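Peer 1: Pasting query_38.txt below, which is compact mmCIF, C-alpha atoms.
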# COMPACT_ATOMS: atom_id res chain seq x y z
CA MET A 1 0.00 0.00 0.00
CA LEU A 2 1.14 3.56 -0.72
CA LEU A 3 0.51 5.88 2.21
CA ILE A 4 0.91 9.66 2.45
CA ARG A 5 1.78 11.16 5.82
CA PRO A 6 3.57 14.24 7.23
CA ILE A 7 7.35 14.14 7.02
CA ARG A 8 9.36 13.49 10.19
CA GLN A 9 12.98 13.85 11.24
CA SER A 10 13.77 10.20 10.58
CA ASP A 11 12.99 10.84 6.89
CA TYR A 12 15.95 13.21 6.52
CA PRO A 13 18.35 10.78 4.75
CA VAL A 14 15.89 9.99 1.98
CA LEU A 15 14.83 13.64 1.69
CA MET A 16 18.46 14.53 1.01
CA GLN A 17 18.61 11.74 -1.57
CA ILE A 18 15.48 13.09 -3.28
CA ALA A 19 16.98 16.60 -3.25
CA VAL A 20 20.00 15.24 -5.11
CA GLU A 21 17.84 13.27 -7.56
CA SER A 22 15.60 16.25 -8.34
CA GLY A 23 18.57 18.27 -9.65
CA ALA A 24 19.04 21.97 -10.40
CA GLY A 25 15.87 24.00 -10.86
CA PHE A 26 14.03 22.25 -8.00
CA THR A 27 14.58 25.09 -5.56
CA SER A 28 12.17 23.86 -2.87
CA LEU A 29 14.61 21.03 -2.02
CA PRO A 30 18.15 22.45 -1.87
CA VAL A 31 21.02 20.03 -1.35
CA ASN A 32 21.85 21.53 2.04
CA GLU A 33 21.65 19.61 5.31
CA GLN A 34 20.84 22.62 7.48
CA LYS A 35 18.03 23.82 5.22
CA LEU A 36 16.48 20.38 4.78
CA GLN A 37 16.60 19.70 8.52
CA ALA A 38 14.98 23.08 9.13
CA LYS A 39 12.35 22.31 6.49
CA ILE A 40 11.44 19.10 8.26
CA ALA A 41 11.32 20.78 11.68
CA ARG A 42 9.15 23.60 10.32
CA SER A 43 6.78 21.09 8.75
CA GLU A 44 6.47 19.12 11.97
CA GLN A 45 5.67 22.31 13.86
CA SER A 46 3.16 23.42 11.22
CA PHE A 47 1.25 20.15 11.35
CA ALA A 48 1.29 20.13 15.17
CA THR A 49 0.16 23.73 15.70
CA ALA A 50 -3.50 24.74 15.96
CA VAL A 51 -3.99 27.38 13.27
CA GLU A 52 -6.97 29.70 12.81
CA THR A 53 -5.48 31.89 10.08
CA MET A 54 -2.73 31.29 7.56
CA GLY A 55 0.80 32.33 8.41
CA ASP A 56 4.37 31.21 7.86
CA GLN A 57 3.60 27.50 7.88
CA GLY A 58 5.01 24.90 5.53
CA TYR A 59 3.67 21.37 5.13
CA VAL A 60 5.72 18.55 3.63
CA PHE A 61 4.15 15.18 2.88
CA VAL A 62 5.95 11.96 2.00
CA LEU A 63 4.70 8.99 0.02
CA GLU A 64 5.64 5.75 1.76
CA ASP A 65 5.51 2.24 0.36
CA THR A 66 4.25 0.43 3.45
CA SER A 67 5.43 -2.96 2.14
CA THR A 68 9.07 -1.82 2.31
CA GLY A 69 8.98 1.33 4.46
CA GLU A 70 10.67 3.18 1.59
CA ILE A 71 9.92 6.86 0.96
CA VAL A 72 9.22 7.19 -2.77
CA GLY A 73 7.94 10.74 -3.19
CA THR A 74 7.32 14.14 -1.67
CA SER A 75 4.66 16.81 -1.91
CA GLY A 76 4.21 20.11 -0.10
CA ILE A 77 2.26 23.28 0.58
CA GLU A 78 3.47 26.71 1.65
CA ALA A 79 0.65 28.46 3.52
CA SER A 80 1.71 32.01 2.70
CA VAL A 81 4.70 32.79 0.48
CA GLY A 82 6.86 35.90 0.35
CA LEU A 83 6.46 36.94 3.99
CA GLU A 84 9.86 35.91 5.34
CA ASN A 85 11.74 35.85 2.03
CA PRO A 86 10.65 37.92 -0.99
CA LEU A 87 8.99 36.04 -3.84
CA TYR A 88 9.97 37.50 -7.19
CA HIS A 89 8.54 36.92 -10.65
CA PHE A 90 8.65 38.48 -14.06
CA HIS A 91 5.24 39.48 -15.32
CA LYS A 92 4.85 39.42 -19.08
CA SER A 93 2.47 42.10 -20.31
CA THR A 94 1.80 44.12 -23.45
CA VAL A 95 2.48 47.81 -23.94
CA VAL A 96 1.39 49.91 -26.90
CA HIS A 97 3.54 52.34 -28.86
CA HIS A 98 1.23 54.59 -30.83
CA SER A 99 1.82 57.67 -32.93
CA LYS A 100 -1.22 59.11 -34.65
CA GLU A 101 0.97 61.56 -36.54
CA LEU A 102 3.09 58.79 -38.06
CA ASP A 103 0.22 56.31 -38.24
CA VAL A 104 2.20 53.81 -36.16
CA PHE A 105 0.54 51.33 -33.81
CA LYS A 106 2.86 48.76 -32.27
CA GLN A 107 2.15 46.25 -29.49
CA VAL A 108 5.21 44.90 -27.72
CA GLU A 109 5.68 42.45 -24.85
CA VAL A 110 7.66 43.41 -21.77
CA LEU A 111 8.88 41.60 -18.65
CA THR A 112 8.58 43.47 -15.35
CA MET A 113 9.93 42.16 -12.03
CA CYS A 114 7.29 42.12 -9.29
CA ASN A 115 6.12 40.65 -5.96
CA ASP A 116 2.47 40.29 -6.92
CA TYR A 117 1.99 36.84 -5.37
CA THR A 118 3.10 37.84 -1.85
CA GLY A 119 0.83 36.22 0.74
CA VAL A 120 -0.76 33.52 -1.44
CA SER A 121 -0.49 29.78 -0.80
CA GLU A 122 1.78 27.66 -2.97
CA ILE A 123 1.79 23.96 -3.76
CA CYS A 124 5.34 22.73 -4.22
CA THR A 125 7.95 20.03 -3.64
CA LEU A 126 6.20 17.49 -5.88
CA PHE A 127 8.64 14.70 -6.71
CA LEU A 128 8.04 11.03 -7.44
CA ARG A 129 10.99 8.67 -7.70
CA GLU A 130 11.51 6.99 -11.05
CA PRO A 131 10.36 3.39 -10.31
CA TYR A 132 7.00 4.69 -9.03
CA ARG A 133 6.12 6.96 -11.96
CA GLN A 134 3.26 4.80 -13.08
CA GLY A 135 -0.45 4.28 -12.63
CA LEU A 136 -2.22 6.72 -10.32
CA ASN A 137 0.75 7.35 -8.03
CA GLY A 138 1.60 10.80 -9.39
CA ARG A 139 -2.02 11.90 -9.45
CA PHE A 140 -2.50 10.79 -5.85
CA LEU A 141 0.66 12.58 -4.72
CA SER A 142 -0.49 15.81 -6.38
CA LYS A 143 -4.14 15.70 -5.34
CA VAL A 144 -3.54 14.85 -1.68
CA ARG A 145 -2.57 18.48 -1.11
CA PHE A 146 -6.02 19.58 -2.24
CA LEU A 147 -7.69 17.09 0.10
CA PHE A 148 -5.71 18.55 3.00
CA MET A 149 -6.52 22.12 1.94
CA ALA A 150 -10.21 21.31 1.51
CA GLU A 151 -10.32 19.88 5.02
CA HIS A 152 -8.34 22.75 6.60
CA PRO A 153 -9.13 25.87 4.52
CA LYS A 154 -8.39 28.32 7.36
CA ARG A 155 -4.73 27.40 7.10
CA PHE A 156 -4.46 28.68 3.53
CA SER A 157 -4.99 31.70 1.30
CA LYS A 158 -7.93 32.08 -1.04
CA MET A 159 -5.42 32.03 -3.92
CA VAL A 160 -3.13 29.09 -4.67
CA ILE A 161 -0.17 29.12 -7.05
CA ALA A 162 2.30 26.58 -8.42
CA GLU A 163 5.68 27.49 -9.91
CA MET A 164 6.51 25.18 -12.79
CA ARG A 165 10.03 24.27 -13.81
CA GLY A 166 11.13 25.96 -17.03
CA VAL A 167 12.85 24.63 -20.14
CA ALA A 168 16.49 23.51 -19.89
CA ASP A 169 18.96 22.29 -22.51
CA ASP A 170 20.72 18.91 -22.53
CA SER A 171 23.25 20.17 -19.99
CA GLY A 172 20.50 21.29 -17.60
CA LEU A 173 20.93 25.03 -18.24
CA PRO A 174 17.84 27.13 -19.03
CA PRO A 175 18.17 29.17 -22.27
CA PHE A 176 16.34 31.96 -20.44
CA TRP A 177 19.10 32.11 -17.84
CA LYS A 178 21.92 32.37 -20.37
CA TRP A 179 21.02 35.87 -21.56
CA LEU A 180 20.33 37.02 -18.00
CA GLN A 181 23.68 35.76 -16.80
CA SER A 182 25.56 37.36 -19.68
CA TYR A 183 24.21 40.85 -18.91
CA PHE A 184 23.48 40.94 -15.17
CA PHE A 185 25.20 38.09 -13.30
CA SER A 186 28.67 36.61 -12.99
CA ILE A 187 27.56 33.37 -11.29
CA ASP A 188 26.43 30.16 -12.94
CA PHE A 189 22.89 28.78 -12.83
CA PRO A 190 23.47 26.00 -10.24
CA THR A 191 24.93 28.59 -7.87
CA ALA A 192 22.04 31.02 -8.33
CA ASP A 193 19.52 28.19 -8.05
CA TYR A 194 21.17 26.94 -4.85
CA MET A 195 21.22 30.42 -3.30
CA ILE A 196 17.49 30.79 -3.91
CA GLY A 197 16.85 27.33 -2.46
CA VAL A 198 18.60 28.18 0.80
CA GLY A 199 16.83 31.55 1.07
CA ASN A 200 19.67 33.89 0.04
CA LYS A 201 17.67 36.10 -2.32
CA GLY A 202 19.23 39.49 -1.67
CA PHE A 203 21.28 39.29 -4.84
CA ILE A 204 18.08 39.30 -6.90
CA ALA A 205 17.08 42.78 -5.79
CA ASP A 206 20.69 43.93 -6.12
CA LEU A 207 21.42 42.64 -9.61
CA MET A 208 18.15 42.16 -11.46
CA PRO A 209 17.14 44.81 -14.04
CA ARG A 210 14.90 47.37 -12.36
CA HIS A 211 13.10 48.47 -15.52
CA PRO A 212 10.79 46.58 -17.90
CA ILE A 213 12.61 44.39 -20.42
CA TYR A 214 11.45 44.34 -24.03
CA VAL A 215 10.99 40.69 -24.97
CA SER A 216 11.81 41.37 -28.62
CA LEU A 217 15.34 42.42 -27.60
CA LEU A 218 16.11 39.04 -26.01
CA PRO A 219 17.86 36.26 -27.93
CA GLU A 220 15.44 34.07 -29.86
CA SER A 221 16.36 31.08 -27.68
CA ALA A 222 15.23 32.98 -24.57
CA GLN A 223 12.05 34.32 -26.17
CA GLN A 224 10.89 30.86 -27.20
CA VAL A 225 10.93 29.39 -23.67
CA ILE A 226 9.11 32.15 -21.78
CA GLY A 227 6.11 30.51 -20.13
CA GLU A 228 7.10 27.01 -21.31
CA VAL A 229 7.74 24.05 -18.99
CA HIS A 230 10.50 21.47 -18.74
CA GLU A 231 9.72 18.23 -20.55
CA ASN A 232 9.60 16.33 -17.23
CA THR A 233 7.16 18.89 -15.81
CA LYS A 234 4.51 18.58 -18.54
CA PRO A 235 2.53 15.83 -16.76
CA ALA A 236 2.42 17.90 -13.55
CA LEU A 237 1.26 20.97 -15.48
CA ALA A 238 -1.45 18.94 -17.23
CA LEU A 239 -2.74 17.74 -13.84
CA LEU A 240 -2.94 21.30 -12.54
CA GLU A 241 -4.60 22.64 -15.68
CA ASN A 242 -7.22 19.93 -15.29
CA GLU A 243 -7.74 21.19 -11.73
CA GLY A 244 -8.49 24.68 -13.07
CA PHE A 245 -5.07 26.32 -12.75
CA PHE A 246 -4.13 28.78 -15.49
CA HIS A 247 -1.19 30.97 -16.47
CA ARG A 248 -1.64 34.74 -16.18
CA GLY A 249 1.73 35.87 -17.48
CA TYR A 250 3.93 35.35 -14.40
CA VAL A 251 7.20 33.49 -15.03
CA ASP A 252 10.28 32.48 -13.06
CA LEU A 253 13.14 34.96 -13.04
CA PHE A 254 15.79 32.43 -14.00
CA ASP A 255 14.26 29.72 -16.19
CA GLY A 256 11.16 31.50 -17.52
CA GLY A 257 8.86 28.69 -16.37
CA PRO A 258 5.20 29.64 -15.83
CA THR A 259 3.52 30.19 -12.48
CA VAL A 260 -0.10 29.03 -12.59
CA GLU A 261 -2.88 30.03 -10.23
CA CYS A 262 -6.38 29.12 -9.10
CA GLN A 263 -8.77 30.21 -6.38
CA LEU A 264 -8.76 27.56 -3.63
CA LYS A 265 -12.52 27.06 -3.73
CA GLN A 266 -12.41 26.68 -7.52
CA ILE A 267 -9.83 23.85 -7.58
CA LYS A 268 -11.65 20.84 -9.00
CA SER A 269 -10.40 18.39 -6.39
CA VAL A 270 -11.44 20.76 -3.61
CA ARG A 271 -14.92 21.11 -5.09
CA ASN A 272 -15.29 17.38 -5.79
CA SER A 273 -14.01 16.06 -2.46
CA HIS A 274 -16.53 15.03 0.18
CA LYS A 275 -16.46 14.63 3.95
CA ILE A 276 -18.28 11.54 5.17
CA LYS A 277 -18.53 9.02 8.00
CA VAL A 278 -16.87 5.65 7.57
CA LEU A 279 -18.03 2.10 8.09
CA VAL A 280 -15.23 -0.45 8.41
CA ALA A 281 -16.09 -3.69 6.59
CA PRO A 282 -14.78 -5.84 3.75
CA VAL A 283 -15.58 -4.08 0.46
CA GLU A 284 -14.53 -3.89 -3.15
CA GLY A 285 -15.59 -0.82 -5.08
CA ASN A 286 -15.56 -0.01 -8.78
CA ALA A 287 -13.67 3.29 -8.67
CA THR A 288 -10.28 4.12 -7.23
CA LEU A 289 -10.70 6.62 -4.40
CA ALA A 290 -8.19 8.76 -2.58
CA VAL A 291 -9.19 8.84 1.09
CA CYS A 292 -7.70 10.86 3.96
CA ASN A 293 -8.51 11.30 7.61
CA THR A 294 -9.41 14.72 9.00
CA GLN A 295 -6.42 15.12 11.32
CA THR A 296 -3.37 17.36 10.99
CA ALA A 297 -0.36 16.02 12.91
CA ASN A 298 -1.58 12.47 12.30
CA PHE A 299 -2.77 13.13 8.76
CA ARG A 300 -2.90 9.98 6.62
CA ALA A 301 -4.08 9.38 3.06
CA VAL A 302 -4.28 6.30 0.83
CA PHE A 303 -5.86 5.34 -2.47
CA SER A 304 -7.61 2.07 -3.22
CA LYS A 305 -10.64 0.39 -4.72
CA ASN A 306 -11.39 -1.08 -1.29
CA ALA A 307 -13.75 1.79 -0.54
CA ALA A 308 -17.28 2.50 -1.73
CA LEU A 309 -20.41 4.43 -0.78
CA ASN A 310 -23.35 2.55 0.72
CA ASP A 311 -27.06 3.38 0.80
CA ASN A 312 -26.70 5.01 4.23
CA HIS A 313 -24.40 7.70 2.87
CA GLU A 314 -21.35 6.17 4.54
CA LEU A 315 -18.03 5.35 3.00
CA VAL A 316 -17.34 1.67 3.52
CA ILE A 317 -13.60 1.02 3.78
CA SER A 318 -11.71 -2.21 4.31
CA PRO A 319 -10.07 -2.92 7.69
CA ASP A 320 -6.57 -2.50 6.26
CA LEU A 321 -7.47 0.95 4.93
CA ALA A 322 -9.01 1.91 8.27
CA GLU A 323 -5.82 0.86 10.05
CA ALA A 324 -3.65 2.85 7.65
CA LEU A 325 -5.88 5.91 8.01
CA MET A 326 -6.09 5.54 11.80
CA VAL A 327 -9.90 5.70 11.78
CA SER A 328 -12.73 3.62 13.26
CA ASN A 329 -16.47 3.23 12.63
CA GLY A 330 -18.22 6.60 12.76
CA ASP A 331 -15.09 8.69 12.22
CA PHE A 332 -15.06 11.20 9.41
CA VAL A 333 -12.84 11.02 6.34
CA ARG A 334 -12.58 13.00 3.13
CA TYR A 335 -12.54 11.22 -0.21
CA LEU A 336 -12.03 12.00 -3.89
CA SER A 337 -12.26 9.85 -6.99
CA LEU A 338 -9.02 9.49 -8.92
CA GLU A 339 -10.78 8.33 -12.07
CA LYS A 340 -10.11 10.55 -15.09
CA ALA A 341 -13.72 10.56 -16.21
CA VAL A 342 -14.92 12.41 -13.09
CA LYS A 343 -15.52 16.13 -13.74
Have the structure of the file written as structure tokens, please.
Peer 2:
Amino acid sequence: MLLIRPIRQSDYPVLMQIAVESGAGFTSLPVNEQKLQAKIARSEQSFATAVETMGDQGYVFVLEDTSTGEIVGTSGIEASVGLENPLYHFHKSTVVHHSKELDVFKQVEVLTMCNDYTGVSEICTLFLREPYRQGLNGRFLSKVRFLFMAEHPKRFSKMVIAEMRGVADDSGLPPFWKWLQSYFFSIDFPTADYMIGVGNKGFIADLMPRHPIYVSLLPESAQQVIGEVHENTKPALALLENEGFFHRGYVDLFDGGPTVECQLKQIKSVRNSHKIKVLVAPVEGNATLAVCNTQTANFRAVFSKNAALNDNHELVISPDLAEALMVSNGDFVRYLSLEKAVK
């Protein structure tokens, strides 16, 4: 069985391994012992603290194969970004150059650095290890965040964003970064990426261009990747677009990858999830359901066909699922279908 639960300190070794496997561009998991240990400690505190309004909380989930005890994936939520460390983006917009006297009307795209997403919630840290990238595993790992947010909406902003990894060449360097480095920076991409991951963002304000940048003046290679995602990120983007997330012109400063957004209450998995009492009994359903308990520090989530609705408006779950979820007869759970056909 694959089980999702909050991360704990004993998971540090595998979290470091996942940070290494994820590579450059995955800034939410820097290869830095101090930062990863702090990330785990902050997550443990966030899950354990009673929260009435969103603040500087961060929640990290791990996907565990209960048959082996191996951690095979991660997923996370930042309750409110940009409060402790600035969150920068480029916003791509259109300006008009118009001269009635010369009969000239020209629309041009510009990139402007901004902090427009300060205070919103962010889903992040989604990584599934290679052997498990099959079936419904990735979908479950992504959607579990929405089950948690649906159950605990006071902990999060009304707006949710996701920063998507941008295009990189065969050597792992983003074409978008190359022009930026040549004009404004003297450090390489892995160094800049690492500094952002560990929270050292002061150099951005110091070195980034302070005025709008005309897109047409950039190298063609940089222009072509603005708002485009890395090949490995396309499945994750497709999942989010199906949830209702959309791109409104905000892109990453270094790789040009898009940031997508959606109102929390409009996210499809939030709208389609249901809270219900459970009945523990042998059962075999027709649809694969993701099911979570309603707790925080002891949050648990699984997916299985061993769950189905009965005529009494209860969710019947098998004893092994009940044990994994830490629930008994009459307890409440939240469930969501993982079937593609569900709208």
Peer 1: Suppose you want the space between atom CA of Asp65 of chain A and atom CA of Met1 of chain A; what is it in Å?
Peer 2: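 These two atoms are separated by 6.0 Å.
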Peer 1: Is it possible to get the residues within 7 Å of (3.5, 37.1, -7.1) (coordinates as in the file, counting all atoms listed in the file) written as JSON, numbers by chain?
Peer 2: {"A": [87, 88, 89, 114, 115, 116, 117, 118]}
Peer 1: For Leu63 of chain A, which residue out of A:Ala324, A:Met16, A:Ala287, A:Leu128 is the nearest one, using only C-alpha atoms?
Peer 2: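 Checking each candidate against Leu63 of chain A, we get A:Leu128 as the closest.
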Peer 1: Quick one: of A:Val20, A:Leu253, A:Ile276, A:Leu136, who's nearest to Thr288 of chain A, counting all atoms listed in the file?
Peer 2: A:Leu136
Peer 1: When distances are computed from only C-alpha atoms, which of A:Val215, A:Ile317, A:Ala19, A:Ile226 shows the smallest separation from Gly249 of chain A?
Peer 2: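 That would be A:Ile226, the residue with the smallest distance to Gly249 of chain A.
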Peer 1: To one decimal in Å, tell me the separation between atom CA of Asp252 of chain A and atom CA of Tyr132 of chain A.
Peer 2: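 Taking atom CA of Asp252 of chain A and atom CA of Tyr132 of chain A, their separation equals 28.3 Å.
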Peer 1: Interatomic distance between atom CA of Glu243 of chain A and atom CA of Phe148 of chain A?
Peer 2: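 Value for the atom CA of Glu243 of chain A-atom CA of Phe148 of chain A distance: 15.1 Å.
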Peer 1: Select, from A:Arg165, A:Arg42, A:Lys268, A:Arg248, the residue with the minimum atom-to-atom distance to Lys143 of chain A, counting only C-alpha atoms.
Peer 2: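 Of A:Arg165, A:Arg42, A:Lys268, A:Arg248, the one nearest Lys143 of chain A is A:Lys268, counting only C-alpha atoms.
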Peer 1: If I only have part of segment 97-117 of chain A, can you fill in N, CA, C and O atoms and write it as a PDB file, keeping the file's coordinate frame?
Peer 2:
ATOM      1  N   HIS A  97       2.855  51.148 -28.339  1.00  0.00           N
ATOM      2  CA  HIS A  97       3.540  52.340 -28.860  1.00  0.00           C
ATOM      3  C   HIS A  97       2.698  52.867 -30.022  1.00  0.00           C
ATOM      4  O   HIS A  97       2.529  52.179 -31.036  1.00  0.00           O
ATOM      5  N   HIS A  98       2.183  54.074 -29.844  1.00  0.00           N
ATOM      6  CA  HIS A  98       1.230  54.590 -30.830  1.00  0.00           C
ATOM      7  C   HIS A  98       1.558  56.035 -31.183  1.00  0.00           C
ATOM      8  O   HIS A  98       1.754  56.874 -30.292  1.00  0.00           O
ATOM      9  N   SER A  99       1.635  56.300 -32.437  1.00  0.00           N
ATOM     10  CA  SER A  99       1.820  57.670 -32.930  1.00  0.00           C
ATOM     11  C   SER A  99       0.774  57.925 -34.007  1.00  0.00           C
ATOM     12  O   SER A  99       0.837  57.362 -35.106  1.00  0.00           O
ATOM     13  N   LYS A 100      -0.188  58.785 -33.678  1.00  0.00           N
ATOM     14  CA  LYS A 100      -1.220  59.110 -34.650  1.00  0.00           C
ATOM     15  C   LYS A 100      -0.621  59.890 -35.825  1.00  0.00           C
ATOM     16  O   LYS A 100      -1.005  59.698 -36.989  1.00  0.00           O
ATOM     17  N   GLU A 101       0.340  60.732 -35.500  1.00  0.00           N
ATOM     18  CA  GLU A 101       0.970  61.560 -36.540  1.00  0.00           C
ATOM     19  C   GLU A 101       1.681  60.711 -37.584  1.00  0.00           C
ATOM     20  O   GLU A 101       1.608  60.986 -38.792  1.00  0.00           O
ATOM     21  N   LEU A 102       2.345  59.649 -37.125  1.00  0.00           N
ATOM     22  CA  LEU A 102       3.090  58.790 -38.060  1.00  0.00           C
ATOM     23  C   LEU A 102       2.284  57.558 -38.476  1.00  0.00           C
ATOM     24  O   LEU A 102       2.782  56.729 -39.243  1.00  0.00           O
ATOM     25  N   ASP A 103       1.062  57.457 -37.954  1.00  0.00           N
ATOM     26  CA  ASP A 103       0.220  56.310 -38.240  1.00  0.00           C
ATOM     27  C   ASP A 103       0.924  54.996 -37.868  1.00  0.00           C
ATOM     28  O   ASP A 103       0.967  54.034 -38.647  1.00  0.00           O
ATOM     29  N   VAL A 104       1.492  54.987 -36.650  1.00  0.00           N
ATOM     30  CA  VAL A 104       2.200  53.810 -36.160  1.00  0.00           C
ATOM     31  C   VAL A 104       1.464  53.279 -34.921  1.00  0.00           C
ATOM     32  O   VAL A 104       1.164  54.040 -33.999  1.00  0.00           O
ATOM     33  N   PHE A 105       1.172  52.005 -34.957  1.00  0.00           N
ATOM     34  CA  PHE A 105       0.540  51.330 -33.810  1.00  0.00           C
ATOM     35  C   PHE A 105       1.286  50.017 -33.596  1.00  0.00           C
ATOM     36  O   PHE A 105       1.213  49.112 -34.433  1.00  0.00           O
ATOM     37  N   LYS A 106       2.015  49.932 -32.499  1.00  0.00           N
ATOM     38  CA  LYS A 106       2.860  48.760 -32.270  1.00  0.00           C
ATOM     39  C   LYS A 106       2.628  48.215 -30.870  1.00  0.00           C
ATOM     40  O   LYS A 106       2.739  48.948 -29.872  1.00  0.00           O
ATOM     41  N   GLN A 107       2.292  46.925 -30.769  1.00  0.00           N
ATOM     42  CA  GLN A 107       2.150  46.250 -29.490  1.00  0.00           C
ATOM     43  C   GLN A 107       3.410  45.428 -29.222  1.00  0.00           C
ATOM     44  O   GLN A 107       3.839  44.630 -30.067  1.00  0.00           O
ATOM     45  N   VAL A 108       3.993  45.630 -28.060  1.00  0.00           N
ATOM     46  CA  VAL A 108       5.210  44.900 -27.720  1.00  0.00           C
ATOM     47  C   VAL A 108       5.073  44.288 -26.332  1.00  0.00           C
ATOM     48  O   VAL A 108       4.403  44.834 -25.447  1.00  0.00           O
ATOM     49  N   GLU A 109       5.709  43.128 -26.141  1.00  0.00           N
ATOM     50  CA  GLU A 109       5.680  42.450 -24.850  1.00  0.00           C
ATOM     51  C   GLU A 109       6.860  42.881 -24.002  1.00  0.00           C
ATOM     52  O   GLU A 109       7.984  43.039 -24.510  1.00  0.00           O
ATOM     53  N   VAL A 110       6.602  43.044 -22.705  1.00  0.00           N
ATOM     54  CA  VAL A 110       7.660  43.410 -21.770  1.00  0.00           C
ATOM     55  C   VAL A 110       7.616  42.502 -20.554  1.00  0.00           C
ATOM     56  O   VAL A 110       6.568  41.947 -20.198  1.00  0.00           O
ATOM     57  N   LEU A 111       8.774  42.339 -19.909  1.00  0.00           N
ATOM     58  CA  LEU A 111       8.880  41.600 -18.650  1.00  0.00           C
ATOM     59  C   LEU A 111       9.202  42.589 -17.539  1.00  0.00           C
ATOM     60  O   LEU A 111      10.159  43.361 -17.642  1.00  0.00           O
ATOM     61  N   THR A 112       8.387  42.560 -16.480  1.00  0.00           N
ATOM     62  CA  THR A 112       8.580  43.470 -15.350  1.00  0.00           C
ATOM     63  C   THR A 112       8.697  42.662 -14.070  1.00  0.00           C
ATOM     64  O   THR A 112       7.834  41.831 -13.768  1.00  0.00           O
ATOM     65  N   MET A 113       9.758  42.884 -13.283  1.00  0.00           N
ATOM     66  CA  MET A 113       9.930  42.160 -12.030  1.00  0.00           C
ATOM     67  C   MET A 113       8.921  42.659 -10.995  1.00  0.00           C
ATOM     68  O   MET A 113       8.669  43.871 -10.897  1.00  0.00           O
ATOM     69  N   CYS A 114       8.346  41.741 -10.232  1.00  0.00           N
ATOM     70  CA  CYS A 114       7.290  42.120  -9.290  1.00  0.00           C
ATOM     71  C   CYS A 114       7.235  41.147  -8.121  1.00  0.00           C
ATOM     72  O   CYS A 114       7.892  40.109  -8.104  1.00  0.00           O
ATOM     73  N   ASN A 115       6.410  41.497  -7.126  1.00  0.00           N
ATOM     74  CA  ASN A 115       6.120  40.650  -5.960  1.00  0.00           C
ATOM     75  C   ASN A 115       4.618  40.422  -5.829  1.00  0.00           C
ATOM     76  O   ASN A 115       4.085  40.339  -4.726  1.00  0.00           O
ATOM     77  N   ASP A 116       3.936  40.304  -6.933  1.00  0.00           N
ATOM     78  CA  ASP A 116       2.470  40.290  -6.920  1.00  0.00           C
ATOM     79  C   ASP A 116       1.852  39.123  -6.169  1.00  0.00           C
ATOM     80  O   ASP A 116       0.699  39.208  -5.732  1.00  0.00           O
ATOM     81  N   TYR A 117       2.568  38.020  -6.017  1.00  0.00           N
ATOM     82  CA  TYR A 117       1.990  36.840  -5.370  1.00  0.00           C
ATOM     83  C   TYR A 117       2.303  36.771  -3.868  1.00  0.00           C
ATOM     84  O   TYR A 117       2.075  35.733  -3.239  1.00  0.00           O
TER      85      TYR A 117
END
